[in-house]
>>> print(open('protein12.txt').read())   # compact mmCIF, C-alpha atoms and all ligand atoms
# COMPACT_ATOMS: atom_id res chain seq x y z
CA MET A 17 100.47 167.41 97.17
CA SER A 18 104.15 166.96 97.85
CA GLN A 19 106.37 164.44 96.09
CA GLY A 20 106.62 161.24 98.06
CA THR A 21 102.96 161.26 99.22
CA THR A 22 101.74 157.66 99.09
CA PHE A 23 99.00 156.71 96.64
CA THR A 24 96.77 155.71 99.57
CA GLN A 25 97.25 159.10 101.28
CA TYR A 26 96.77 160.94 97.98
CA ILE A 27 93.57 159.22 96.97
CA SER A 28 92.13 159.27 100.50
CA ALA A 29 92.71 163.04 100.74
CA LEU A 30 90.88 163.56 97.43
CA ALA A 31 88.03 161.28 98.47
CA ALA A 32 87.61 163.26 101.71
CA LYS A 33 86.69 166.27 99.53
CA ASP A 34 84.84 164.38 96.77
CA SER A 35 82.86 161.28 97.73
CA SER A 36 82.41 160.22 94.08
CA ILE A 37 86.08 159.14 93.94
CA PRO A 38 86.20 155.32 94.21
CA SER A 39 89.12 155.50 96.62
CA SER A 40 88.82 152.13 98.34
CA LEU A 41 88.59 150.23 95.04
CA LEU A 42 91.51 152.20 93.58
CA ILE A 43 93.61 151.28 96.61
CA SER A 44 92.65 147.60 96.19
CA VAL A 45 93.66 147.71 92.52
CA SER A 46 96.99 149.31 93.48
CA ASN A 47 97.58 146.59 96.09
CA ALA A 48 96.83 143.86 93.53
CA CYS A 49 99.33 145.46 91.15
CA LYS A 50 102.03 145.38 93.85
CA LEU A 51 101.50 141.61 94.04
CA ILE A 52 101.63 141.28 90.25
CA ALA A 53 104.85 143.37 90.23
CA LYS A 54 106.46 140.86 92.60
CA GLN A 55 105.62 137.97 90.27
CA VAL A 56 106.89 139.92 87.25
CA GLU A 57 110.19 140.70 88.96
CA GLN A 58 110.77 137.08 89.92
CA GLY A 59 110.08 135.83 86.38
CA ALA A 60 111.44 132.33 85.83
CA LEU A 61 112.37 132.15 89.54
CA ALA A 62 108.63 132.21 90.34
CA GLY A 63 107.83 129.78 87.52
CA ILE A 64 105.62 132.33 85.77
CA ILE A 65 107.29 132.30 82.33
CA GLY A 66 105.69 130.55 79.38
CA SER A 67 102.35 129.61 77.95
CA ALA A 68 99.52 128.37 80.17
CA GLY A 69 98.45 126.03 77.38
CA SER A 70 94.98 127.60 77.24
CA GLY A 71 93.23 130.24 75.13
CA ASN A 72 91.05 133.22 76.07
CA VAL A 73 87.69 134.25 74.61
CA GLN A 74 89.50 136.23 71.89
CA GLY A 75 91.25 133.07 70.66
CA GLU A 76 94.65 134.23 71.98
CA THR A 77 97.05 131.89 73.77
CA GLN A 78 97.14 132.70 77.47
CA GLN A 79 100.47 133.06 79.23
CA LYS A 80 100.87 131.82 82.80
CA LEU A 81 101.23 135.42 83.93
CA ASP A 82 97.96 136.44 82.21
CA ILE A 83 96.11 133.96 84.41
CA ILE A 84 98.11 134.65 87.59
CA SER A 85 97.52 138.41 87.24
CA ASN A 86 93.84 137.90 86.54
CA ASP A 87 93.50 135.74 89.68
CA ILE A 88 95.38 138.29 91.82
CA LEU A 89 93.03 141.09 90.74
CA LEU A 90 89.91 138.95 91.30
CA GLN A 91 91.12 137.98 94.78
CA ALA A 92 92.30 141.43 95.88
CA CYS A 93 89.27 143.34 94.56
CA GLY A 94 86.59 140.69 95.15
CA LYS A 95 86.49 141.60 98.87
CA GLU A 96 85.75 145.22 98.09
CA ALA A 97 82.29 146.12 99.40
CA SER A 98 81.73 148.85 96.81
CA LEU A 99 82.41 146.51 93.88
CA ALA A 100 79.47 144.80 92.15
CA ALA A 101 81.34 142.88 89.42
CA MET A 102 84.50 142.63 87.33
CA ALA A 103 85.24 141.98 83.67
CA SER A 104 88.59 141.07 82.17
CA GLU A 105 90.34 140.38 78.88
CA GLU A 106 90.94 136.89 80.23
CA MET A 107 87.33 136.01 81.11
CA GLU A 108 84.49 135.40 78.71
CA THR A 109 81.84 137.01 80.88
CA ILE A 110 81.56 139.03 84.08
CA TYR A 111 82.68 137.91 87.55
CA PRO A 112 80.25 138.92 90.31
CA ALA A 113 81.64 140.45 93.52
CA ASN A 114 79.10 142.03 95.92
CA ALA A 115 75.50 142.44 94.78
CA GLN A 116 75.14 145.56 96.99
CA GLY A 117 78.16 147.22 95.38
CA ASN A 118 77.68 150.17 93.02
CA LEU A 119 80.95 149.98 91.06
CA LEU A 120 82.17 147.93 88.11
CA LEU A 121 85.82 147.16 87.40
CA LEU A 122 87.27 146.24 84.02
CA PHE A 123 90.88 145.25 83.43
CA ASP A 124 93.46 143.87 81.09
CA PRO A 125 95.39 142.07 83.85
CA LEU A 126 98.59 141.71 81.87
CA ASP A 127 98.97 143.88 78.79
CA GLY A 128 101.79 143.19 76.36
CA SER A 129 101.77 139.43 76.92
CA SER A 130 104.20 138.83 74.05
CA ASN A 131 106.86 140.69 76.09
CA ILE A 132 106.63 138.63 79.30
CA ASP A 133 109.19 136.01 78.34
CA VAL A 134 111.72 138.53 77.02
CA ASN A 135 111.87 140.86 80.04
CA VAL A 136 110.38 143.90 78.30
CA SER A 137 107.90 146.32 79.99
CA ILE A 138 104.35 145.03 80.46
CA GLY A 139 101.41 146.33 82.49
CA THR A 140 97.92 146.20 83.95
CA ILE A 141 95.18 148.50 82.59
CA PHE A 142 92.00 149.27 84.54
CA SER A 143 88.75 151.16 84.22
CA ILE A 144 86.05 151.85 86.85
CA LEU A 145 82.41 152.46 85.97
CA LYS A 146 79.32 153.15 88.04
CA LYS A 147 76.55 150.55 88.21
CA ASN A 148 73.38 152.48 87.58
CA HIS A 149 70.78 150.39 89.41
CA ALA A 150 70.25 148.35 92.59
CA GLY A 151 70.68 144.57 92.52
CA PRO A 152 73.24 142.23 90.95
CA ALA A 153 75.29 143.47 88.00
CA THR A 154 74.76 142.14 84.49
CA GLU A 155 77.03 142.25 81.44
CA GLN A 156 74.74 144.95 80.03
CA ASP A 157 75.69 147.26 82.95
CA PHE A 158 79.27 147.31 81.68
CA LEU A 159 78.30 148.52 78.20
CA GLN A 160 78.79 152.20 78.91
CA SER A 161 80.51 154.78 76.82
CA GLY A 162 84.10 155.61 77.81
CA LYS A 163 83.20 159.19 78.71
CA ASP A 164 81.25 157.81 81.70
CA GLN A 165 84.30 156.20 83.35
CA LEU A 166 84.72 157.22 87.00
CA ALA A 167 88.41 156.37 87.02
CA ALA A 168 91.02 154.72 84.82
CA GLY A 169 94.71 153.99 84.86
CA TYR A 170 97.50 151.52 84.46
CA VAL A 171 100.53 150.12 86.22
CA VAL A 172 103.61 149.65 84.05
CA TYR A 173 106.08 146.97 85.15
CA GLY A 174 109.30 148.32 83.66
CA PRO A 175 112.68 149.40 85.02
CA GLN A 176 110.41 151.10 87.57
CA THR A 177 106.91 149.99 88.49
CA SER A 178 104.70 153.04 88.04
CA LEU A 179 101.01 153.66 88.62
CA VAL A 180 99.27 156.34 86.55
CA TYR A 181 95.61 157.20 87.07
CA THR A 182 92.87 159.72 86.51
CA THR A 183 89.45 160.33 88.07
CA GLY A 184 88.76 163.17 85.66
CA GLN A 185 90.85 165.63 87.68
CA GLY A 186 94.15 165.37 85.85
CA VAL A 187 96.65 162.56 85.43
CA HIS A 188 98.97 161.70 88.31
CA MET A 189 102.02 159.39 88.40
CA PHE A 190 103.42 157.30 91.25
CA THR A 191 106.41 154.96 91.42
CA LEU A 192 106.64 151.87 93.61
CA ASP A 193 109.21 152.26 96.37
CA HIS A 194 110.51 148.76 97.14
CA GLU A 195 111.71 149.79 100.61
CA THR A 196 108.23 150.69 101.84
CA ASN A 197 106.16 148.79 99.23
CA GLU A 198 104.22 152.01 98.59
CA PHE A 199 103.46 153.87 95.37
CA LEU A 200 104.91 157.38 95.91
CA LEU A 201 103.86 160.51 94.01
CA ILE A 202 106.37 161.58 91.36
CA LYS A 203 104.31 163.87 89.11
CA GLU A 204 100.92 165.61 89.29
CA ASN A 205 98.86 166.95 86.38
CA VAL A 206 100.89 165.36 83.59
CA GLN A 207 100.46 167.19 80.27
CA ILE A 208 101.31 165.88 76.78
CA SER A 209 102.95 168.31 74.38
CA PRO A 210 100.57 168.98 71.43
CA ASP A 211 103.31 168.47 68.84
CA THR A 212 105.71 165.61 68.46
CA LYS A 213 108.38 164.09 66.22
CA GLU A 214 107.78 160.52 67.39
CA PHE A 215 105.26 157.93 66.23
CA ALA A 216 104.53 154.34 67.28
CA ILE A 217 102.98 151.74 64.99
CA ASN A 218 103.73 148.14 64.04
CA MET A 219 105.33 148.84 60.65
CA SER A 220 105.20 145.18 59.64
CA ASN A 221 101.49 145.66 58.94
CA MET A 222 102.10 148.55 56.52
CA ARG A 223 100.88 146.70 53.43
CA HIS A 224 97.54 146.06 55.16
CA TRP A 225 96.83 149.65 56.23
CA ASP A 226 94.19 151.98 54.91
CA GLN A 227 95.19 155.01 52.81
CA PRO A 228 94.97 157.70 55.57
CA VAL A 229 97.36 155.80 57.87
CA ARG A 230 99.75 155.08 55.00
CA ARG A 231 99.70 158.75 54.03
CA TYR A 232 100.48 159.90 57.57
CA VAL A 233 103.34 157.43 58.06
CA ASP A 234 104.75 158.06 54.55
CA GLU A 235 104.88 161.76 55.37
CA CYS A 236 106.68 161.07 58.67
CA LEU A 237 109.19 158.83 56.88
CA ALA A 238 109.86 161.52 54.25
CA GLY A 239 111.37 163.66 57.05
CA VAL A 240 112.80 167.13 56.39
CA GLU A 241 112.64 166.57 52.62
CA GLY A 242 108.87 165.85 52.76
CA SER A 243 105.74 167.92 53.35
CA ARG A 244 106.12 167.78 57.16
CA LYS A 245 109.57 169.36 56.89
CA LYS A 246 110.88 167.57 59.97
CA ASP A 247 112.49 164.23 60.78
CA PHE A 248 110.45 161.76 62.82
CA ASN A 249 111.62 159.00 65.13
CA MET A 250 109.77 155.70 65.59
CA ARG A 251 109.22 153.49 68.67
CA TRP A 252 107.14 150.31 69.01
CA ILE A 253 107.30 148.40 72.30
CA ALA A 254 104.32 146.09 71.57
CA SER A 255 103.02 146.80 75.09
CA MET A 256 100.37 149.49 74.89
CA VAL A 257 101.01 150.45 78.51
CA ALA A 258 104.68 151.13 77.83
CA ASP A 259 103.96 153.04 74.59
CA VAL A 260 101.28 155.16 76.32
CA HIS A 261 103.58 155.77 79.29
CA ARG A 262 106.26 157.11 76.96
CA ILE A 263 103.70 159.40 75.30
CA LEU A 264 102.56 160.74 78.69
CA CYS A 265 106.22 161.38 79.59
CA ARG A 266 107.49 162.99 76.37
CA GLY A 267 104.70 163.14 73.78
CA GLY A 268 104.19 161.13 70.62
CA VAL A 269 101.47 159.36 68.73
CA PHE A 270 100.41 155.70 69.05
CA MET A 271 98.43 153.88 66.37
CA TYR A 272 96.92 150.43 66.18
CA PRO A 273 94.63 151.05 63.23
CA TRP A 274 92.13 148.80 61.45
CA ASP A 275 93.93 146.79 58.78
CA LYS A 276 93.08 144.39 56.00
CA ARG A 277 94.41 141.24 57.67
CA ASP A 278 90.91 140.56 58.97
CA PRO A 279 88.63 143.27 57.53
CA SER A 280 85.72 142.20 59.75
CA LYS A 281 87.68 143.16 62.91
CA PRO A 282 87.47 146.89 63.74
CA GLY A 283 91.00 146.68 65.20
CA LYS A 284 93.22 144.57 67.44
CA LEU A 285 92.82 146.43 70.73
CA ARG A 286 89.79 146.14 72.98
CA LEU A 287 87.57 149.16 73.64
CA MET A 288 86.41 148.53 77.20
CA TYR A 289 89.64 147.69 79.04
CA GLU A 290 92.37 149.02 76.74
CA ALA A 291 91.23 151.90 74.51
CA ASN A 292 88.70 153.55 76.87
CA PRO A 293 90.95 153.80 79.95
CA MET A 294 93.95 154.93 77.89
CA SER A 295 91.81 157.50 76.04
CA PHE A 296 90.56 158.89 79.37
CA LEU A 297 94.16 159.34 80.55
CA ILE A 298 95.32 160.83 77.25
CA GLU A 299 92.47 163.36 77.10
CA GLN A 300 92.96 164.30 80.74
CA ALA A 301 96.61 165.01 79.90
CA GLY A 302 95.61 167.34 77.06
CA GLY A 303 96.04 164.81 74.24
CA ALA A 304 93.47 163.32 71.85
CA SER A 305 92.26 159.82 71.08
CA VAL A 306 90.20 158.70 68.06
CA ASN A 307 89.36 155.53 66.17
CA GLY A 308 90.34 157.31 62.97
CA LYS A 309 87.25 159.43 62.47
CA GLU A 310 85.59 159.65 65.89
CA ARG A 311 86.52 160.31 69.51
CA ILE A 312 86.97 156.94 71.24
CA LEU A 313 85.39 158.12 74.51
CA GLY A 314 82.16 158.89 72.63
CA LEU A 315 81.82 155.48 70.97
CA PRO A 316 78.88 153.30 72.00
CA SER A 317 79.93 150.01 73.55
CA GLU A 318 78.12 147.00 72.18
CA LYS A 319 79.94 144.08 73.76
CA LEU A 320 82.47 143.38 76.48
CA HIS A 321 85.30 142.28 74.20
CA GLN A 322 84.60 144.78 71.43
CA ARG A 323 87.63 145.74 69.34
CA VAL A 324 88.48 149.19 68.07
CA SER A 325 91.01 151.01 65.93
CA VAL A 326 93.17 153.38 68.04
CA VAL A 327 95.05 156.61 67.28
CA LEU A 328 96.08 158.54 70.39
CA GLY A 329 98.65 160.96 71.77
CA SER A 330 99.83 164.49 70.99
CA LYS A 331 96.77 166.53 70.03
CA ASN A 332 97.92 168.21 66.82
CA GLU A 333 99.24 164.96 65.36
CA VAL A 334 96.07 162.99 66.23
CA GLU A 335 93.93 165.76 64.72
CA LEU A 336 95.98 165.62 61.52
CA ILE A 337 95.48 161.83 61.25
CA GLN A 338 91.76 162.33 61.94
CA LYS A 339 91.62 164.90 59.14
CA TYR A 340 93.17 162.40 56.74
CA HIS A 341 90.51 159.84 57.74
CA LEU A 342 87.68 162.33 57.31
CA GLY A 343 89.09 163.49 54.00
CA THR A 344 88.96 167.14 55.08
P1 LIG A 401 97.57 141.78 74.83
O1 LIG A 401 96.60 142.49 75.69
O2 LIG A 401 97.12 140.38 74.48
O3 LIG A 401 98.97 141.82 75.33
O4 LIG A 401 97.54 142.53 73.38
C1 LIG A 401 97.61 143.92 73.30
C2 LIG A 401 98.98 144.36 72.85
C3 LIG A 401 99.22 145.83 73.07
O5 LIG A 401 99.77 146.04 74.33
C4 LIG A 401 100.19 146.19 71.97
O6 LIG A 401 100.09 147.54 71.59
C5 LIG A 401 99.78 145.27 70.86
O7 LIG A 401 99.10 144.17 71.47
C6 LIG A 401 100.95 144.75 70.09
O8 LIG A 401 100.49 144.00 69.02
P2 LIG A 401 101.48 143.44 67.88
O9 LIG A 401 102.20 142.28 68.49
O10 LIG A 401 100.53 143.05 66.79
O11 LIG A 401 102.40 144.54 67.48
MG MG A 402 96.15 144.16 76.31
>>> encode(input="protein12.txt", output="structure tokens", more="lines below")
Ligand code: AHM
Ligand code: MG
Amino acid sequence: MSQGTTFTQYISALAAKDSSIPSSLLISVSNACKLIAKQVEQGALAGIIGSAGSGNVQGETQQKLDIISNDILLQACGKEASLAAMASEEMETIYPANAQGNLLLLFDPLDGSSNIDVNVSIGTIFSILKKNHAGPATEQDFLQSGKDQLAAGYVVYGPQTSLVYTTGQGVHMFTLDHETNEFLLIKENVQISPDTKEFAINMSNMRHWDQPVRRYVDECLAGVEGSRKKDFNMRWIASMVADVHRILCRGGVFMYPWDKRDPSKPGKLRLMYEANPMSFLIEQAGGASVNGKERILGLPSEKLHQRVSVVLGSKNEVELIQKYHLGT
């Protein structure tokens, strides 16, 4: 479709040919994100900066904007007839919508919370699943493997507000036009280059990493003099949405691996509403996404707020890191 097509037109045209595309829910999510974008832009002027003084189920301090964004998504999507229930990083258990609905929506309403107060890019991540039975949804219905997602995407609130999504038919990017308040198509079928000279990881955790991650990063740092024979650059935004957006735009590898700070935790990031949707996008764009040894989209999901180690991005780089983990 031509540049400038609105997200609503784009998704409606696809749904006219393929009824499995959850077009109405996707449009509701995009509308909620426009409202969140307004709050983000206003910042202190809207009184949204700072801690809410509460904690979420993961024991993390909630920011005002975490709660505001969560409420906006619940409100905007709750009216959607096709939606049975929602689950969020900010809610302990599921939030019922319409018992007759056959879709499930998961989201991280405001990813990169530590960047809200300092005016750095943040985002909303979402994933849509099918409910596989009649009657009200249960938490168990959400525990599906990532490969069964119907749709996934994110909105990044940065210098531009951009929406990126997939329904398993490529990855498409839209940017919010403030004149018309519409997301307009800027790029179809985004592809990630298989090779890269850029990696993203929180280096302050280096002493806690496992050997395969250390080996990979040490080799990147050795540059042209080392075994990789090329210099690498490093970026870490501390907003997964912004780091993944950069990788979709110009390649790279993102890692939030397991580390020894809390050995019982499989990782920091959450499988259901962070790693799964991002892995769907990355694979659809020709990249790869693993937890170290295994493909993230193939992992069984055991609980709503399950954590996972994440290595994703340019295919050849991710495969090399996977090889180091497998010891092959
Ligand atoms: P959040 O959902 O509470 O914002 O946490 C997830 C974020 C990711 O966006 C980002 O990659 C990571 O946490 C940054 O963590 P750290 O501050 O440990 O570098
Ligand atoms: Mg998050």
>>> residues_around(input="protein12.txt", residues="Leu336 (chain A)", least_positions_apart="6", cutoff="10 Å", atoms="only C-alpha atoms", output="MDAnalysis selection string")
chainID A and resid 228 232 342 344
>>> write_last_selection(input="protein12.txt", atoms="C-alpha atoms", output="mmCIF file, in the coordinates of the input")
data_model
loop_
_atom_site.group_PDB
_atom_site.id
_atom_site.type_symbol
_atom_site.label_atom_id
_atom_site.label_comp_id
_atom_site.auth_asym_id
_atom_site.auth_seq_id
_atom_site.Cartn_x
_atom_site.Cartn_y
_atom_site.Cartn_z
ATOM 1 C CA PRO A 228 94.970 157.700 55.570
ATOM 2 C CA TYR A 232 100.480 159.900 57.570
ATOM 3 C CA LEU A 342 87.680 162.330 57.310
ATOM 4 C CA THR A 344 88.960 167.140 55.080
#
>>> closest_atom_pairs(input="protein12.txt", of="chain A", to="ligand MG 402 (chain A)", cutoff="9 Å", atoms="only C-alpha atoms and all ligand atoms", output="JSON lines")
{"residue": "A:Glu105", "atom": "CA", "partner": "A:MG402", "partner_atom": "MG", "distance": 7.4}
{"residue": "A:Phe123", "atom": "CA", "partner": "A:MG402", "partner_atom": "MG", "distance": 8.9}
{"residue": "A:Asp124", "atom": "CA", "partner": "A:MG402", "partner_atom": "MG", "distance": 5.5}
{"residue": "A:Pro125", "atom": "CA", "partner": "A:MG402", "partner_atom": "MG", "distance": 7.9}
{"residue": "A:Leu126", "atom": "CA", "partner": "A:MG402", "partner_atom": "MG", "distance": 6.5}
{"residue": "A:Asp127", "atom": "CA", "partner": "A:MG402", "partner_atom": "MG", "distance": 3.8}
{"residue": "A:Gly128", "atom": "CA", "partner": "A:MG402", "partner_atom": "MG", "distance": 5.7}
{"residue": "A:Ser129", "atom": "CA", "partner": "A:MG402", "partner_atom": "MG", "distance": 7.4}
{"residue": "A:Gly139", "atom": "CA", "partner": "A:MG402", "partner_atom": "MG", "distance": 8.4}
{"residue": "A:Thr140", "atom": "CA", "partner": "A:MG402", "partner_atom": "MG", "distance": 8.1}
{"residue": "A:Ile141", "atom": "CA", "partner": "A:MG402", "partner_atom": "MG", "distance": 7.7}
{"residue": "A:Ser255", "atom": "CA", "partner": "A:MG402", "partner_atom": "MG", "distance": 7.5}
{"residue": "A:Met256", "atom": "CA", "partner": "A:MG402", "partner_atom": "MG", "distance": 6.9}
{"residue": "A:Val257", "atom": "CA", "partner": "A:MG402", "partner_atom": "MG", "distance": 8.2}
{"residue": "A:Leu285", "atom": "CA", "partner": "A:MG402", "partner_atom": "MG", "distance": 6.9}
{"residue": "A:Arg286", "atom": "CA", "partner": "A:MG402", "partner_atom": "MG", "distance": 7.4}
{"residue": "A:Tyr289", "atom": "CA", "partner": "A:MG402", "partner_atom": "MG", "distance": 7.9}
{"residue": "A:Glu290", "atom": "CA", "partner": "A:MG402", "partner_atom": "MG", "distance": 6.2}
>>> atom_distance(input="protein12.txt", atom1="CA of Asp87 (chain A)", atom2="CA of His194 (chain A)")
22.7 Å
>>> atom_distance(input="protein12.txt", atom1="CA of Met17 (chain A)", atom2="CA of Asn205 (chain A)")
10.9 Å
>>> closest_residue(input="protein12.txt", among="A:Thr154, A:Ser143, A:Asn131, A:Met271", to="Ala115 (chain A)", atoms="only C-alpha atoms")
A:Thr154
>>> closest_residue(input="protein12.txt", among="A:Ala68, A:Asp226, A:Gly59, A:Asn307", to="Pro279 (chain A)", atoms="all atoms listed in the file")
A:Asp226
>>> residues_around(input="protein12.txt", residues="Ser130 (chain A)", least_positions_apart="2", cutoff="12 Å", atoms="all atoms listed in the file", output="list in words")
Ile65, Gly66, Ser67, Glu76, Thr77, Gln78, Gln79, Lys80, Leu81, Asp82, Leu126, Asp127, Gly128, Ile132, Asp133, Val134, Asn135, Val136, Ser137, Ile138, Gly139, Ile253, Ala254, Ser255 and Met256 of chain A
>>> axis_aligned_box(input="protein12.txt", around="ligand LIG 401 (chain A)", padding_each_side="8 Å", output="lines of an AutoDock Vina configuration file")
center_x = 99.5
center_y = 144.0
center_z = 71.2
size_x = 21.8
size_y = 23.2
size_z = 24.9
>>> closest_residue(input="protein12.txt", among="A:Leu297, A:Cys93, A:Met288, A:Ala258", to="ligand LIG 401 (chain A)", atoms="only C-alpha atoms and all ligand atoms")
A:Ala258
>>> closest_residue(input="protein12.txt", among="A:Ser280, A:Gln227, A:Thr22, A:Ser104", to="ligand LIG 401 (chain A)", atoms="all atoms listed in the file")
A:Ser104
>>> closest_residue(input="protein12.txt", among="A:Ser325, A:Gln185, A:Asn148, A:Ser39", to="ligand LIG 401 (chain A)", atoms="all atoms listed in the file")
A:Ser325
>>> closest_residue(input="protein12.txt", among="A:Lys284, A:Arg323, A:Lys33, A:Lys309", to="ligand LIG 401 (chain A)", atoms="all atoms listed in the file")
A:Lys284
>>> residues_near_point(input="protein12.txt", point="(95.3, 154.8, 77.1)", cutoff="8 Å", atoms="all atoms listed in the file", output="PyMOL selection string")
chain A and resi 169+256-257+260+290-298+328
>>> atom_distance(input="protein12.txt", atom1="CA of Glu57 (chain A)", atom2="CA of Leu192 (chain A)")
12.6 Å
>>> residues_around(input="protein12.txt", residues="Val229 (chain A)", least_positions_apart="2", cutoff="9 Å", atoms="only C-alpha atoms", output="list in words")
Met222, Trp225, Asp226, Gln227, Arg231, Tyr232, Val233, Asp234, Met271, Pro273, Gly308, Ile337, Tyr340 and His341 of chain A
>>> residues_around(input="protein12.txt", residues="Gln25 (chain A)", least_positions_apart="4", cutoff="10 Å", atoms="all atoms listed in the file", output="PyMOL selection string")
chain A and resi 17+21+29-31+43+200-201
>>> residues_near_point(input="protein12.txt", point="(80.6, 149.4, 94.4)", cutoff="6 Å", atoms="all atoms listed in the file", output="CSV table (one decimal) with C-alpha atoms, keeping the file's coordinate frame")
chain,number,residue,atom,x,y,z
A,98,SER,CA,81.7,148.8,96.8
A,99,LEU,CA,82.4,146.5,93.9
A,100,ALA,CA,79.5,144.8,92.2
A,117,GLY,CA,78.2,147.2,95.4
A,118,ASN,CA,77.7,150.2,93.0
A,119,LEU,CA,81.0,150.0,91.1
>>> closest_atom_pairs(input="protein12.txt", of="region 31-111 of chain A", to="region 175-179 of chain A", cutoff="9 Å", atoms="all atoms listed in the file", output="Markdown table")
| residue | atom | partner | partner_atom | distance |
| --- | --- | --- | --- | --- |
| A:Ser46 | CA | A:Leu179 | CA | 7.7 |
| A:Cys49 | CA | A:Leu179 | CA | 8.7 |
| A:Lys50 | CA | A:Thr177 | CA | 8.6 |
| A:Ala53 | CA | A:Thr177 | CA | 7.1 |
>>> residues_around(input="protein12.txt", residues="Gly184 (chain A)", least_positions_apart="5", cutoff="8 Å", atoms="all atoms listed in the file", output="list of chain:residue names")
A:Leu166, A:Ala167, A:Phe296, A:Gln300
>>> decode(input="protein12.txt", residues="region 54-66 of chain A", atoms="N, CA, C and O atoms", output="JSON list (two decimals), in the first residue's frame")
[["chain", "number", "residue", "atom", "x", "y", "z"],
["A", 54, "LYS", "N", -0.30, 11.41, 24.02],
["A", 54, "LYS", "CA", -0.65, 12.79, 24.45],
["A", 54, "LYS", "C", -0.16, 13.04, 25.87],
["A", 54, "LYS", "O", 0.40, 14.11, 26.16],
["A", 55, "GLN", "N", -0.38, 12.06, 26.74],
["A", 55, "GLN", "CA", 0.06, 12.20, 28.14],
["A", 55, "GLN", "C", 1.59, 12.29, 28.20],
["A", 55, "GLN", "O", 2.14, 13.12, 28.91],
["A", 56, "VAL", "N", 2.25, 11.43, 27.41],
["A", 56, "VAL", "CA", 3.72, 11.40, 27.41],
["A", 56, "VAL", "C", 4.26, 12.76, 26.97],
["A", 56, "VAL", "O", 5.19, 13.31, 27.58],
["A", 57, "GLU", "N", 3.68, 13.31, 25.92],
["A", 57, "GLU", "CA", 4.15, 14.59, 25.39],
["A", 57, "GLU", "C", 4.00, 15.73, 26.39],
["A", 57, "GLU", "O", 4.82, 16.62, 26.46],
["A", 58, "GLN", "N", 2.92, 15.68, 27.16],
["A", 58, "GLN", "CA", 2.65, 16.75, 28.12],
["A", 58, "GLN", "C", 3.57, 16.65, 29.34],
["A", 58, "GLN", "O", 3.90, 17.65, 29.96],
["A", 59, "GLY", "N", 3.96, 15.43, 29.71],
["A", 59, "GLY", "CA", 4.88, 15.24, 30.83],
["A", 59, "GLY", "C", 4.43, 15.93, 32.09],
["A", 59, "GLY", "O", 3.28, 15.79, 32.53],
["A", 60, "ALA", "N", 5.33, 16.74, 32.65],
["A", 60, "ALA", "CA", 5.03, 17.42, 33.92],
["A", 60, "ALA", "C", 3.80, 18.32, 33.79],
["A", 60, "ALA", "O", 3.08, 18.54, 34.77],
["A", 61, "LEU", "N", 3.54, 18.83, 32.57],
["A", 61, "LEU", "CA", 2.39, 19.72, 32.38],
["A", 61, "LEU", "C", 1.07, 18.99, 32.65],
["A", 61, "LEU", "O", 0.08, 19.59, 33.02],
["A", 62, "ALA", "N", 1.10, 17.64, 32.43],
["A", 62, "ALA", "CA", -0.11, 16.85, 32.69],
["A", 62, "ALA", "C", -0.05, 16.19, 34.07],
["A", 62, "ALA", "O", -0.93, 15.40, 34.42],
["A", 63, "GLY", "N", 1.01, 16.49, 34.81],
["A", 63, "GLY", "CA", 1.15, 15.93, 36.17],
["A", 63, "GLY", "C", 1.39, 14.43, 36.18],
["A", 63, "GLY", "O", 1.03, 13.75, 37.13],
["A", 64, "ILE", "N", 2.04, 13.92, 35.10],
["A", 64, "ILE", "CA", 2.20, 12.46, 35.03],
["A", 64, "ILE", "C", 3.60, 11.99, 35.43],
["A", 64, "ILE", "O", 3.92, 10.81, 35.33],
["A", 65, "ILE", "N", 4.46, 12.92, 35.83],
["A", 65, "ILE", "CA", 5.84, 12.55, 36.16],
["A", 65, "ILE", "C", 5.91, 12.09, 37.63],
["A", 65, "ILE", "O", 5.24, 12.62, 38.48],
["A", 66, "GLY", "N", 6.74, 11.07, 37.86],
["A", 66, "GLY", "CA", 6.99, 10.66, 39.24],
["A", 66, "GLY", "C", 6.35, 9.34, 39.62],
["A", 66, "GLY", "O", 5.56, 8.77, 38.86]]
